[in-house]
$ cat data.cif   # mmCIF, C-alpha atoms
data_query
loop_
_atom_site.label_atom_id
_atom_site.label_comp_id
_atom_site.auth_asym_id
_atom_site.auth_seq_id
_atom_site.Cartn_x
_atom_site.Cartn_y
_atom_site.Cartn_z
CA MET A 1 39.28 62.60 10.55
CA TRP A 2 37.90 59.60 12.41
CA LEU A 3 36.98 61.57 15.52
CA PRO A 4 33.94 63.44 14.10
CA LEU A 5 32.62 60.23 12.56
CA LEU A 6 33.06 58.44 15.88
CA GLY A 7 31.27 61.29 17.64
CA LEU A 8 28.42 61.14 15.13
CA ILE A 9 28.02 57.41 15.60
CA LEU A 10 28.19 57.79 19.39
CA GLY A 11 25.57 60.53 19.24
CA LEU A 12 23.33 58.43 17.00
CA GLY A 13 23.62 55.54 19.41
CA LEU A 14 22.78 57.74 22.37
CA GLY A 15 19.86 59.28 20.53
CA LEU A 16 18.47 55.88 19.55
CA LEU A 17 18.94 54.50 23.04
CA THR A 18 17.36 57.39 24.93
CA ASP A 19 13.89 56.64 26.14
CA ILE A 20 12.60 60.12 26.84
CA GLN A 21 9.15 60.93 25.57
CA ILE A 22 8.48 64.49 24.48
CA PRO A 23 5.07 65.98 23.78
CA ALA A 24 3.90 65.89 20.18
CA ILE A 25 3.86 69.69 19.90
CA TYR A 26 7.65 69.85 20.27
CA GLU A 27 8.37 67.48 17.41
CA ASN A 28 8.44 70.41 15.00
CA TYR A 29 11.29 71.91 17.01
CA LEU A 30 13.20 68.70 16.75
CA SER A 31 12.97 68.58 12.96
CA ILE A 32 14.23 72.16 12.81
CA ALA A 33 16.99 71.32 15.23
CA VAL A 34 18.04 68.46 12.97
CA LEU A 35 18.19 70.80 10.01
CA ALA A 36 20.10 73.42 11.94
CA ALA A 37 22.60 70.89 13.19
CA LEU A 38 23.15 69.47 9.70
CA ASP A 39 23.49 72.95 8.28
CA THR A 40 26.07 73.92 10.84
CA LEU A 41 27.95 70.70 10.36
CA PHE A 42 28.17 71.07 6.60
CA GLY A 43 28.97 74.76 7.04
CA GLY A 44 31.85 73.74 9.26
CA ILE A 45 33.11 71.23 6.71
CA ARG A 46 32.88 73.83 3.97
CA ALA A 47 34.69 76.39 6.09
CA ASN A 48 37.38 73.87 6.82
CA LEU A 49 37.79 73.10 3.14
CA GLN A 50 37.86 76.82 2.30
CA GLN A 51 40.35 77.29 5.11
CA VAL A 52 38.20 79.87 6.90
CA TYR A 53 37.22 77.58 9.78
CA ASP A 54 36.79 79.19 13.18
CA ASP A 55 36.01 77.41 16.42
CA LYS A 56 33.92 80.21 17.85
CA VAL A 57 31.92 80.76 14.70
CA PHE A 58 31.32 77.06 14.37
CA VAL A 59 30.20 76.39 17.95
CA SER A 60 28.23 79.60 18.30
CA GLY A 61 26.67 78.98 14.90
CA PHE A 62 25.66 75.48 15.90
CA PHE A 63 23.92 76.40 19.12
CA PHE A 64 22.65 79.79 17.98
CA ASN A 65 21.10 78.36 14.82
CA ILE A 66 19.36 75.66 16.76
CA ALA A 67 18.14 78.13 19.36
CA LEU A 68 16.99 80.58 16.68
CA ALA A 69 15.15 77.89 14.74
CA ALA A 70 13.48 76.62 17.90
CA GLY A 71 12.58 80.17 18.88
CA LEU A 72 11.08 80.85 15.47
CA ALA A 73 9.08 77.66 15.62
CA PHE A 74 7.92 78.52 19.12
CA LEU A 75 6.84 81.98 18.01
CA GLY A 76 5.12 80.48 14.98
CA VAL A 77 3.17 78.03 17.11
CA HIS A 78 2.02 80.78 19.42
CA LEU A 79 1.20 83.25 16.66
CA GLY A 80 -0.60 80.67 14.55
CA VAL A 81 1.79 81.27 11.66
CA ASP A 82 3.98 78.49 10.36
CA LEU A 83 7.20 80.39 10.99
CA TYR A 84 9.19 77.22 11.32
CA LEU A 85 8.80 76.90 7.56
CA ALA A 86 11.01 79.97 7.22
CA ALA A 87 13.70 78.29 9.29
CA ILE A 88 13.38 75.06 7.31
CA PHE A 89 13.55 76.98 4.06
CA ALA A 90 16.60 78.99 5.11
CA PHE A 91 18.45 75.99 6.46
CA GLY A 92 17.49 73.90 3.48
CA VAL A 93 18.81 76.42 1.01
CA ARG A 94 22.00 76.87 2.99
CA LEU A 95 22.44 73.14 3.31
CA PHE A 96 22.26 72.70 -0.44
CA GLN A 97 24.57 75.63 -1.03
CA ASN A 98 27.11 74.30 1.46
CA ILE A 99 26.98 70.84 -0.05
CA ALA A 100 27.36 72.30 -3.54
CA VAL A 101 30.41 74.29 -2.45
CA ILE A 102 31.91 71.23 -0.76
CA ARG A 103 31.33 69.20 -3.90
CA ARG A 104 33.02 71.78 -6.10
CA ILE A 105 36.01 72.07 -3.81
CA LEU A 106 36.37 68.30 -3.67
CA ILE A 107 36.11 68.00 -7.44
CA SER A 108 38.67 70.71 -8.03
CA LYS A 109 41.01 69.09 -5.52
CA TRP A 110 40.59 65.69 -7.13
CA GLU A 111 41.27 67.13 -10.55
CA GLU A 112 44.36 68.88 -9.30
CA ARG A 113 45.64 65.63 -7.88
CA HIS A 114 44.85 63.85 -11.11
CA ILE A 115 46.74 66.39 -13.14
CA LYS A 116 49.69 66.11 -10.79
CA LYS A 117 49.62 62.33 -11.06
CA ASP A 118 49.49 62.58 -14.83
CA GLU A 119 52.46 64.95 -14.78
CA ASN A 120 54.33 62.53 -12.54
CA THR A 121 53.65 59.55 -14.75
CA VAL A 122 54.49 61.44 -17.91
CA MET B 123 43.79 84.28 11.51
CA MET B 124 43.14 80.75 12.72
CA LYS B 125 45.90 79.13 10.86
CA LYS B 126 48.71 80.71 12.69
CA PRO B 127 47.92 79.69 16.26
CA LEU B 128 46.93 76.27 15.04
CA GLN B 129 50.32 75.78 13.60
CA THR B 130 52.25 77.31 16.50
CA LYS B 131 50.49 75.63 19.42
CA LYS B 132 49.51 72.65 17.42
CA ASN B 133 48.93 70.13 20.16
CA SER B 134 46.62 72.05 22.48
CA LYS B 135 44.74 73.78 19.67
CA PHE B 136 44.24 70.56 17.81
CA THR B 137 42.74 68.79 20.75
CA ARG B 138 40.49 71.73 21.51
CA LYS B 139 39.31 71.85 17.93
CA GLN B 140 38.78 68.13 17.93
CA LEU B 141 36.89 68.32 21.19
CA ILE B 142 34.55 70.96 19.85
CA ILE B 143 33.95 69.02 16.69
CA LEU B 144 33.35 65.91 18.75
CA ILE B 145 30.83 67.69 20.94
CA VAL B 146 29.01 69.17 17.97
CA CYS B 147 29.01 65.84 16.20
CA ILE B 148 27.71 64.08 19.26
CA ALA B 149 24.98 66.70 19.65
CA THR B 150 24.02 66.38 15.99
CA GLY B 151 24.03 62.61 16.27
CA ILE B 152 21.83 62.70 19.34
CA ILE B 153 19.36 65.02 17.68
CA ILE B 154 19.23 63.01 14.47
CA GLY B 155 19.07 59.69 16.27
CA TYR B 156 16.40 60.84 18.64
CA SER B 157 14.39 62.35 15.83
CA TYR B 158 14.67 59.15 13.86
CA LYS B 159 13.58 57.09 16.80
CA LEU B 160 10.69 59.41 17.54
CA THR B 161 9.46 59.25 13.97
CA LYS B 162 9.72 55.50 14.02
CA ASN B 163 7.73 55.30 17.24
CA HIS B 164 5.20 57.60 15.72
CA GLU B 165 4.89 55.44 12.68
CA LYS B 166 4.59 52.38 14.82
CA ILE B 167 1.85 53.97 16.87
CA ASN B 168 0.11 55.19 13.75
CA ASN B 169 0.44 51.78 12.18
CA SER B 170 -0.88 50.13 15.27
CA TYR B 171 -3.78 52.56 15.32
CA VAL B 172 -4.51 51.83 11.70
CA GLU B 173 -4.20 48.12 12.31
CA GLN B 174 -6.44 48.37 15.34
CA GLU B 175 -8.98 50.32 13.37
CA GLU B 176 -8.78 47.79 10.61
CA SER B 177 -9.21 44.90 12.95
CA TYR B 178 -12.10 46.65 14.70
CA ARG B 179 -13.72 47.27 11.36
CA GLU B 180 -13.27 43.64 10.43
CA ASP B 181 -14.72 42.63 13.76
CA LEU B 182 -17.63 44.93 13.18
CA ILE B 183 -18.25 43.52 9.74
CA GLU B 184 -17.98 40.03 11.10
CA GLN B 185 -20.42 40.86 13.85
CA GLN B 186 -22.81 42.42 11.41
CA GLU B 187 -22.66 39.37 9.22
CA ARG B 188 -23.18 37.18 12.23
CA ASN B 189 -26.11 39.35 13.25
CA LYS B 190 -27.58 38.94 9.81
CA GLU B 191 -27.13 35.20 9.98
CA LEU B 192 -28.67 35.07 13.40
CA ALA B 193 -31.57 37.23 12.31
CA GLU B 194 -32.20 34.84 9.46
CA GLU B 195 -31.94 31.94 11.82
CA LEU B 196 -34.34 33.67 14.17
CA LYS B 197 -36.78 34.16 11.35
CA ASP B 198 -36.47 30.52 10.36
CA LEU B 199 -36.97 29.43 13.91
CA GLN B 200 -39.96 31.68 14.30
CA ASP B 201 -41.44 30.22 11.16
CA GLN B 202 -40.78 26.79 12.52
CA LEU B 203 -42.35 27.75 15.81
CA ARG B 204 -45.40 29.05 14.00
CA ASP B 205 -45.63 25.78 12.11
CA TYR B 206 -45.33 23.91 15.35
CA GLU B 207 -48.00 26.02 16.92
CA ARG B 208 -50.27 25.50 13.98
CA SER B 209 -49.78 21.75 14.04
CA PHE B 210 -50.11 21.84 17.79
CA ALA B 211 -53.42 23.64 17.49
CA LYS B 212 -54.53 21.00 15.03
CA ASP B 213 -53.34 18.33 17.42
CA GLU B 214 -55.18 20.03 20.18
CA ASP B 215 -58.36 19.96 18.17
CA GLU B 216 -57.77 16.31 17.51
CA TYR B 217 -56.95 15.81 21.12
CA GLU B 218 -60.19 17.45 22.14
CA HIS B 219 -61.93 15.20 19.72
CA LEU B 220 -60.22 12.22 21.27
CA LEU B 221 -61.09 13.46 24.70
CA GLU B 222 -64.72 13.73 23.74
CA GLU B 223 -64.58 10.31 22.24
CA ALA B 224 -62.96 8.94 25.36
CA GLU B 225 -65.61 10.63 27.46
CA ASN B 226 -68.31 9.08 25.32
CA LEU B 227 -66.68 5.70 25.56
CA ARG B 228 -66.41 6.04 29.31
CA LEU B 229 -70.04 6.99 29.48
CA MET B 230 -70.83 3.89 27.47
CA LEU B 231 -68.68 1.80 29.70
CA GLY B 232 -70.30 3.40 32.67
CA THR B 233 -67.10 4.09 34.51
CA ILE B 234 -68.10 7.67 35.18
CA PRO B 235 -71.37 9.04 36.43
CA ALA B 236 -73.59 10.44 33.72
CA GLN B 237 -76.07 13.21 33.94
CA GLY B 238 -78.00 15.34 31.58
CA PRO B 239 -81.23 15.50 29.68
CA GLY B 240 -82.71 12.24 28.57
CA ILE B 241 -85.78 10.10 28.45
CA GLN B 242 -87.42 7.58 30.65
CA VAL B 243 -89.20 4.61 29.13
CA THR B 244 -91.43 2.56 31.34
CA LEU B 245 -92.48 -0.90 30.24
CA LYS B 246 -95.34 -2.36 32.16
CA ASP B 247 -97.21 -5.62 31.90
CA ASN B 248 -100.67 -5.16 30.56
CA GLU B 249 -103.72 -5.70 32.70
CA TYR B 250 -104.67 -9.29 33.10
CA ASN B 251 -106.85 -10.22 30.14
CA PRO B 252 -109.22 -13.08 30.92
CA ASN B 253 -109.83 -13.67 27.21
CA SER B 254 -106.29 -14.54 26.61
CA THR B 255 -104.99 -17.90 27.57
CA ASN B 256 -101.36 -17.16 27.09
CA PRO B 257 -99.89 -14.82 29.66
CA ASN B 258 -96.89 -14.34 27.38
CA GLU B 259 -99.04 -12.15 25.26
CA TYR B 260 -99.26 -9.38 27.77
CA ILE B 261 -96.15 -9.52 29.91
CA VAL B 262 -92.86 -7.79 29.20
CA HIS B 263 -90.16 -10.05 27.88
CA GLU B 264 -86.48 -9.37 27.85
CA SER B 265 -86.66 -9.10 24.06
CA HIS B 266 -88.78 -5.99 24.50
CA VAL B 267 -86.21 -4.56 26.83
CA PHE B 268 -83.50 -5.49 24.36
CA SER B 269 -85.19 -3.79 21.50
CA VAL B 270 -85.67 -0.64 23.51
CA ILE B 271 -82.08 -0.63 24.68
CA ASN B 272 -80.75 -1.32 21.22
CA GLU B 273 -82.84 1.42 19.73
CA LEU B 274 -81.61 3.82 22.41
CA LYS B 275 -78.01 2.86 21.85
CA ILE B 276 -78.31 3.18 18.12
CA SER B 277 -79.84 6.64 18.42
CA GLY B 278 -76.97 7.87 20.51
CA ALA B 279 -77.82 7.40 24.15
CA GLU B 280 -74.78 8.09 26.27
CA SER B 281 -75.71 5.79 29.07
CA ILE B 282 -78.62 3.56 29.92
CA SER B 283 -79.90 2.18 33.15
CA ILE B 284 -82.68 -0.22 33.95
CA ASN B 285 -84.44 0.26 37.25
CA GLY B 286 -81.46 2.23 38.40
CA GLN B 287 -78.99 -0.45 37.34
CA ARG B 288 -76.43 1.06 35.04
CA LEU B 289 -75.75 -0.96 31.96
CA LYS B 290 -72.16 -1.76 31.18
CA SER B 291 -70.78 -2.67 27.82
CA ASN B 292 -70.70 -6.28 28.84
CA SER B 293 -73.92 -6.37 30.79
CA TYR B 294 -76.15 -9.32 30.27
CA ILE B 295 -79.88 -9.42 30.46
CA ARG B 296 -81.65 -12.66 30.93
CA CYS B 297 -85.32 -13.61 31.13
CA ASN B 298 -86.00 -15.46 34.27
CA GLY B 299 -89.69 -16.17 34.36
CA PRO B 300 -91.65 -13.16 35.48
CA VAL B 301 -88.45 -11.22 36.30
CA ILE B 302 -85.40 -10.39 34.26
CA THR B 303 -81.87 -10.64 35.49
CA ILE B 304 -79.42 -7.87 34.76
CA ASP B 305 -75.86 -8.64 35.72
CA GLY B 306 -77.04 -11.07 38.33
CA LYS B 307 -79.69 -8.81 39.87
CA GLN B 308 -83.30 -9.62 39.42
CA TYR B 309 -85.85 -6.98 38.61
CA PRO B 310 -89.60 -7.42 38.30
CA ALA B 311 -91.87 -5.43 36.07
CA PRO B 312 -92.32 -2.57 35.55
CA PHE B 313 -89.05 -1.81 33.98
CA VAL B 314 -87.94 1.76 34.02
CA ILE B 315 -85.33 2.32 31.34
CA GLU B 316 -83.51 5.60 31.60
CA ALA B 317 -81.23 6.95 28.92
CA VAL B 318 -79.09 10.06 28.92
CA GLY B 319 -78.80 11.72 25.55
CA ASP B 320 -80.54 14.04 23.17
CA SER B 321 -84.11 13.42 24.31
CA LYS B 322 -85.75 14.53 21.09
CA THR B 323 -83.67 12.22 18.97
CA LEU B 324 -84.22 9.36 21.34
CA VAL B 325 -87.97 9.86 21.47
CA SER B 326 -88.35 10.27 17.73
CA SER B 327 -86.25 7.18 17.07
CA LEU B 328 -88.41 5.17 19.46
CA LYS B 329 -91.62 6.50 18.01
CA ILE B 330 -90.70 6.03 14.39
CA VAL B 331 -93.52 4.40 12.44
CA GLY B 332 -93.16 0.65 12.58
CA GLY B 333 -90.46 1.15 15.16
CA VAL B 334 -89.95 -0.11 18.67
CA PHE B 335 -92.84 1.84 20.15
CA ASP B 336 -95.32 0.38 17.68
CA GLN B 337 -93.97 -3.11 18.18
CA LEU B 338 -94.32 -2.82 21.93
CA LEU B 339 -97.88 -1.57 21.62
CA ASN B 340 -98.49 -4.43 19.24
CA ASP B 341 -97.32 -6.81 21.93
CA ASN B 342 -99.87 -5.36 24.36
CA ILE B 343 -97.32 -3.70 26.56
CA VAL B 344 -98.00 -0.47 28.36
CA VAL B 345 -95.26 1.91 27.30
CA THR B 346 -94.80 5.40 28.60
CA ILE B 347 -92.09 7.69 27.32
CA GLU B 348 -91.12 10.73 29.32
CA GLU B 349 -88.64 13.40 28.37
CA LYS B 350 -86.63 14.55 31.33
CA ASP B 351 -84.46 17.58 31.75
CA LEU B 352 -82.04 15.95 34.08
CA ILE B 353 -81.25 12.32 34.62
CA LYS B 354 -78.53 11.33 37.01
CA MET B 355 -76.78 8.01 36.90
CA THR B 356 -74.09 6.76 39.19
CA SER B 357 -71.01 5.13 37.81
CA ILE B 358 -70.61 1.40 38.01
CA SER B 359 -67.91 1.62 40.61
CA ASP B 360 -70.32 3.45 42.93
CA GLU B 361 -72.73 0.58 42.77
CA THR B 362 -72.24 -2.43 44.85
#

$ encode --input "data.cif" --output "structure tokens"
Amino acid sequence: MWLPLLGLILGLGLGLLTDIQIPAIYENYLSIAVLAALDTLFGGIRANLQQVYDDKVFVSGFFFNIALAAGLAFLGVHLGVDLYLAAIFAFGVRLFQNIAVIRRILISKWEERHIKKDENTV
Amino acid sequence: MMKKPLQTKKNSKFTRKQLIILIVCIATGIIIGYSYKLTKNHEKINNSYVEQEESYREDLIEQQERNKELAEELKDLQDQLRDYERSFAKDEDEYEHLLEEAENLRLMLGTIPAQGPGIQVTLKDNEYNPNSTNPNEYIVHESHVFSVINELKISGAESISINGQRLKSNSYIRCNGPVITIDGKQYPAPFVIEAVGDSKTLVSSLKIVGGVFDQLLNDNIVVTIEEKDLIKMTSISDET
């Protein structure tokens, strides 16, 4: 449980410490990449909680989503259409759905434990 | 599907799973962190731009105000300058006046040579009159000369000379028998009195009824008055 958190903190530190400047045009891609990464991460957590977690799906989903989002944004920039909005929308919706599912699972688990505790005490 | 191998080969699978999660987490962290940092930089740059713009605008306003102040000052100074010029012009007029006065005074003092139109008055002793016993009745006295000179001075003669001797302000004229002494030099009759000035005024003042001319004629003196276009007199310092 502590390993992912440690990895996140390590990654945050690395990201804050890096001093690479990227052109302003590519900042859109970065925001999409953030969304994609968060989506994948929460998807992974949800899958884990629903006991359908798969390494391959998770990793491929992570990188593929990011690549797809970046590709969409790239295409959008070159076509003059804000296609990256589609990616943001899709990821946003999925993010909320994932979080909602996680919340429900956690609540149901907590309630189960509560009931058990009550049974034990009574 | 996944549960079974996880449980059977727990150690290796667990580490692999952990490793993947770690990598993904690190990647996510990097992306988020970098994005955050980038946005912050952006904001900073934007802020600094805004601040710069603001400060430039303030500078501009300040400069404009200063310009306004300076323009007002310039206007004030120009007004002042105009006043100065005006007063200076007045002063100059006065100065010219003073210069003229000084010139006149110098002419009177005789320190500079005088020239210009003027008159020449010649006083001559009358012919010897055998009927008269007193020679004083027909010779020129210094009082006659005095009266002529005084009349000339009063009527504005710039400079006066007697027989070529320029009169100073402190010249003295003395009767010395048949001759008169002017500043130590003796001159016999006839006396030629020259005066530089407005000849008409001088002549009319001399010839006024009951004036000097009449008195001189009354004293049996031969008087001739000539108007001259140009009379030249040396300054006192030129004389020896």

$ resolve_selection --input "data.cif" --expression "the PyMOL selection byres ((chain B) within 6 of (chain A))" --output "list in words"
Leu144, Cys147, Ile148, Thr150, Gly151, Ile152, Ile153, Ile154, Gly155, Tyr156 and Lys159 of chain B

$ atom_distance --input "data.cif" --atom1 "atom CA of Ile358 of chain B" --atom2 "atom CA of Arg228 of chain B"
10.7 Å

$ atom_distance --input "data.cif" --atom1 "atom CA of Asp82 of chain A" --atom2 "atom CA of Gln97 of chain A"
23.7 Å

$ atom_distance --input "data.cif" --atom1 "atom CA of Pro239 of chain B" --atom2 "atom CA of Ala317 of chain B"
8.6 Å

$ closest_residue --input "data.cif" --among "B:Lys246, B:Lys322, B:Arg288, B:Lys197" --to "Val301 of chain B" --atoms "all atoms listed in the file"
B:Lys246

$ residues_around --input "data.cif" --residues "Phe96 of chain A" --least-positions-apart "5" --cutoff "12 Å" --atoms "only C-alpha atoms" --output "list of chain:residue names"
A:Leu35, A:Leu38, A:Asp39, A:Thr40, A:Phe42, A:Gly43, A:Arg46, A:Phe89, A:Ala90, A:Phe91, A:Val101, A:Ile102, A:Arg103

$ residues_around --input "data.cif" --residues "Ile241 of chain B" --least-positions-apart "2" --cutoff "10 Å" --atoms "only C-alpha atoms" --output "ChimeraX atom specification"
/B:238-239,243-244,274,279,282,315-325,347-353

$ closest_residue --input "data.cif" --among "A:Ile99, A:Ile115, A:Ala87, A:Ile105" --to "Asn65 of chain A" --atoms "all atoms listed in the file"
A:Ala87

$ residues_around --input "data.cif" --residues "Phe313 of chain B" --least-positions-apart "3" --cutoff "8 Å" --atoms "all atoms listed in the file" --output "PyMOL selection string"
chain B and resi 244-246+284-285+309-310

$ closest_residue --input "data.cif" --among "A:Val93, A:Leu83, A:Ala73, A:Ile45" --to "Tyr26 of chain A" --atoms "all atoms listed in the file"
A:Ala73

$ residues_around --input "data.cif" --residues "Ser357 of chain B" --least-positions-apart "5" --cutoff "6 Å" --atoms "all atoms listed in the file" --output "number ranges by chain"
B: 232-235
